[in-house]
Amino acid sequence: MPHPPRAIEKIRVLELASVLAGPLAGTALAERGAHVTKVECPPHGDVTRSWKMPNESLESPTSAYYEAANGDKEIAWQDLRTAEGRAWLEEALSSHDVVLENFKASDLERFGLIPQDLAHRHPHLVHVRLVGFPSAPDRLAYDVVVQAETGFMHMNGPAEAPPARMPVALMDVLASQQILSAVYEGLLERAAGQRGIFAEVSLEASGLSALANQATNWLINGADVTRNGSAHPNIAPYGDLLRCADGWLVLAVGNDRQFAGLCDVLESVELLEDRRFQTNALRVRYRLDLIPLLSEKANVWDKVALETALRSAGAPAGVVRRLPEVFAHGTAGDQHTLTNSSGQKRVSTVAYRIDFLAKP
């Protein structure tokens with residue numbers, strides 16, 4: 001049976017954004033069927049084309065970083081600083097449904113993208129703008145800066161080390177999801193008759209929104225976060241690492257029943273009688289006493305065998321895998337990759353699927 005048309009197959013997206021958050025959102029829309037035109041300024045294009053690892057070809061027109069954020073798009077080479085480029089842009093705006101941009105505030109007038117003016121000229125558009133810090137619209141907001149200023153770096157890393165950057169541009173990834181939400185909501189509003197739709201997404205707010213329970217630990221309890229590696233501040237042993245014979249295993253034990261299963265597998269049932277470990281609250285308090293006792297028993301196990309045994313005992317855990325293991329043939333990582341038109345592989349930006357389970 002042929003697949004029914006996807007809801008956004010007729011949607012045309014003009015991507016004026018660069019670097020990561022906007023392009024990731026554009027790529028996700030393209031994966032769901034939208035026609036996405038990415039505008040790049042000649043001769044160099046998106047700056048991420050030059051963000052190369054030491055072993056990457058200097059002659060290649062793209063980088064692995066660029067390929068990660070850009071797939072299934074039509075590339076339009078246009079210098080919007082010229083009269084010809086601005087004329088091209090004005091015509092393109094009339095024929096697209098969505099425009100994504102992250103220009104500096106001081107450039108909006110030059111490119112004809114001041115939200116109110118754009119809405120007056122092209123009321124059909126869903127205009128989504130990405131900024132770094134709403135209170136400082138012209139401030140450059142690279143991911144690591146936002147990680148620092150929204151608390152993520154302060155929380156990340158082991159206690160004895162300085163603050164650390166998350167190893168992916170997490171603020172951009174989070175903002176890309178906010179952009180997608182704004183696009184879809186804007187399209188729904190347009191279908192309901194609204195016009196001149198404008199949404200502003202910020203990296204700063206995207207980071208703040210993702211603080212979740214860490215934020216409420218402070219807002220409700222006045223408890224600032226101290227760096228403690230991967231350990232969870234409210235649950236133990238959760239996020240705690242066990243060194244196995246061939247690598248690391250992380251525990252995700254969230255209740256007493258799961259803790260009993262862990263102790264049974266590690267032949268440490270005496271810990272169940274220890275007053276320090278009889279409830280989660282006590283295990284959090286005495287975490288530094290508990291983890292060495294568990295590690296003693298784990299270091300004779302292979303990591304996959306221990307995870308399998310713990311799973312059977314109802315004690316959640318995960319094997320700490322390197323990227324070659326994550327993307328090995330036949331794994332979930334392998335199945336979640338796509339190939340760009342350039343022939344380069346990347347991870348799929350969309351992590352859901354939709355089935356149509358009833359007749360229209």
# chains A, B, ... in the order shown; residues from 1 in each chain; ligands from 1

$ residues_around --residues "A:Ala34" --least-positions-apart "2" --cutoff "12 Å" --atoms "only C-alpha atoms" --output "PyMOL selection string"
chain A and resi 5-15+25-32+36-37+71-74+96-98+183-184

$ write_last_selection --atoms "C-alpha atoms" --output "tab-separated table (two decimals), in the first residue's frame"
chain	number	residue	atom	x	y	z
A	5	PRO	CA	1.26	11.97	1.88
A	6	ARG	CA	3.02	13.35	4.91
A	7	ALA	CA	1.48	16.47	6.44
A	8	ILE	CA	4.40	18.77	5.65
A	9	GLU	CA	5.37	17.47	2.20
A	10	LYS	CA	4.04	20.66	0.61
A	11	ILE	CA	5.72	22.95	3.14
A	12	ARG	CA	8.63	25.00	1.84
A	13	VAL	CA	11.22	26.10	4.37
A	14	LEU	CA	13.78	28.84	3.79
A	15	GLU	CA	16.74	28.24	6.07
A	25	ALA	CA	15.75	22.00	12.76
A	26	GLY	CA	15.82	22.43	8.98
A	27	THR	CA	17.22	18.94	8.54
A	28	ALA	CA	14.52	17.46	10.77
A	29	LEU	CA	11.82	19.19	8.71
A	30	ALA	CA	13.43	17.85	5.52
A	31	GLU	CA	13.46	14.34	6.97
A	32	ARG	CA	9.71	14.63	7.55
A	36	VAL	CA	14.15	22.98	2.66
A	37	THR	CA	16.31	25.57	0.90
A	71	GLY	CA	20.98	16.77	4.92
A	72	ASP	CA	18.28	16.59	2.25
A	73	LYS	CA	18.40	20.33	1.52
A	74	GLU	CA	18.66	22.41	-1.61
A	96	HIS	CA	8.05	29.76	1.14
A	97	ASP	CA	5.96	28.89	4.18
A	98	VAL	CA	8.57	28.99	6.92
A	183	VAL	CA	7.37	25.79	13.45
A	184	TYR	CA	4.71	23.13	13.95

$ select_by_dssp --residues "stretch 61-147 of chain A" --states "helix (DSSP H, G or I)" --output "ChimeraX atom specification"
/A:64-69,83-94,105-111,115-121,143-147

$ write_last_selection --atoms "C-alpha atoms" --output "short mmCIF file (atom, residue, chain, number, x, y, z; two decimals), in the first residue's frame"
data_model
loop_
_atom_site.label_atom_id
_atom_site.label_comp_id
_atom_site.auth_asym_id
_atom_site.auth_seq_id
_atom_site.Cartn_x
_atom_site.Cartn_y
_atom_site.Cartn_z
CA ALA A 64 31.77 16.06 9.36
CA TYR A 65 30.29 18.77 11.59
CA TYR A 66 28.51 20.36 8.61
CA GLU A 67 27.26 16.98 7.40
CA ALA A 68 25.78 16.28 10.85
CA ALA A 69 23.48 19.32 10.63
CA ALA A 83 21.17 44.20 -3.95
CA GLU A 84 20.86 41.10 -6.13
CA GLY A 85 20.91 38.84 -3.11
CA ARG A 86 18.26 40.85 -1.31
CA ALA A 87 16.05 40.82 -4.40
CA TRP A 88 16.42 37.04 -4.59
CA LEU A 89 15.53 36.79 -0.88
CA GLU A 90 12.40 38.90 -1.25
CA GLU A 91 11.14 36.67 -4.05
CA ALA A 92 12.02 33.52 -2.09
CA LEU A 93 10.13 34.76 0.96
CA SER A 94 6.97 35.04 -1.12
CA ALA A 105 19.61 42.01 15.49
CA SER A 106 21.60 44.76 13.79
CA ASP A 107 21.39 42.89 10.45
CA LEU A 108 17.62 42.41 10.38
CA GLU A 109 16.88 45.79 8.80
CA ARG A 110 19.55 45.34 6.13
CA PHE A 111 18.05 42.00 5.08
CA PRO A 115 9.57 40.77 12.25
CA GLN A 116 6.79 43.38 12.03
CA ASP A 117 7.86 44.52 8.57
CA LEU A 118 8.25 40.97 7.28
CA ALA A 119 4.81 40.03 8.62
CA HIS A 120 3.31 43.04 6.84
CA ARG A 121 4.90 42.13 3.50
CA ASP A 143 27.02 26.80 22.89
CA VAL A 144 29.79 26.62 25.49
CA VAL A 145 29.01 30.17 26.66
CA VAL A 146 25.36 29.27 27.16
CA GLN A 147 26.32 26.03 28.91
#

$ residues_around --residues "A:Asp138" --least-positions-apart "2" --cutoff "7 Å" --atoms "only C-alpha atoms" --output "count of residues only"
4

$ atom_distance --atom1 "atom CA of A:Pro42" --atom2 "atom CA of A:Ser18"
13.4 Å

$ atom_distance --atom1 "atom CA of A:Leu249" --atom2 "atom CA of A:Leu288"
17.2 Å

$ residues_around --residues "stretch 194-197 of chain A" --least-positions-apart "6" --cutoff "7 Å" --atoms "only C-alpha atoms" --output "number ranges by chain"
A: 119, 123-127, 186

$ closest_residue --among "A:Glu101, A:Asp246, A:Glu307, A:Glu296" --to "A:Gly261" --atoms "only C-alpha atoms"
A:Glu307

$ residues_around --residues "A:Leu290" --least-positions-apart "6" --cutoff "12 Å" --atoms "only C-alpha atoms" --output "ChimeraX atom specification"
/A:236-238,240-242,259,263,268,270-272,274-278,280,282-284,296-297

$ closest_residue --among "A:Cys41, A:Ala182, A:Val173, A:Arg190" --to "A:Ser206" --atoms "only C-alpha atoms"
A:Val173

$ atom_distance --atom1 "atom CA of A:Ser50" --atom2 "atom CA of A:Ile75"
16.7 Å

$ residues_around --residues "stretch 222-230 of chain A" --least-positions-apart "2" --cutoff "9 Å" --atoms "only C-alpha atoms" --output "list in words"
His154, Met155, Asn156, Gly157, Pro158, Ala159, Glu160, Ala161, Pro162, Pro163, Gln214, Ala215, Thr216, Asn217, Trp218, Leu219, Ile220, His232, Pro233, Tyr238, Gly239, Asp240, Leu241 and Val250 of chain A

$ select_by_dssp --residues "stretch 71-230 of chain A" --states "strand (DSSP E or B)" --output "VMD selection string"
chain A and resid 74 to 77 98 to 101 126 to 131 133 136 197 to 202
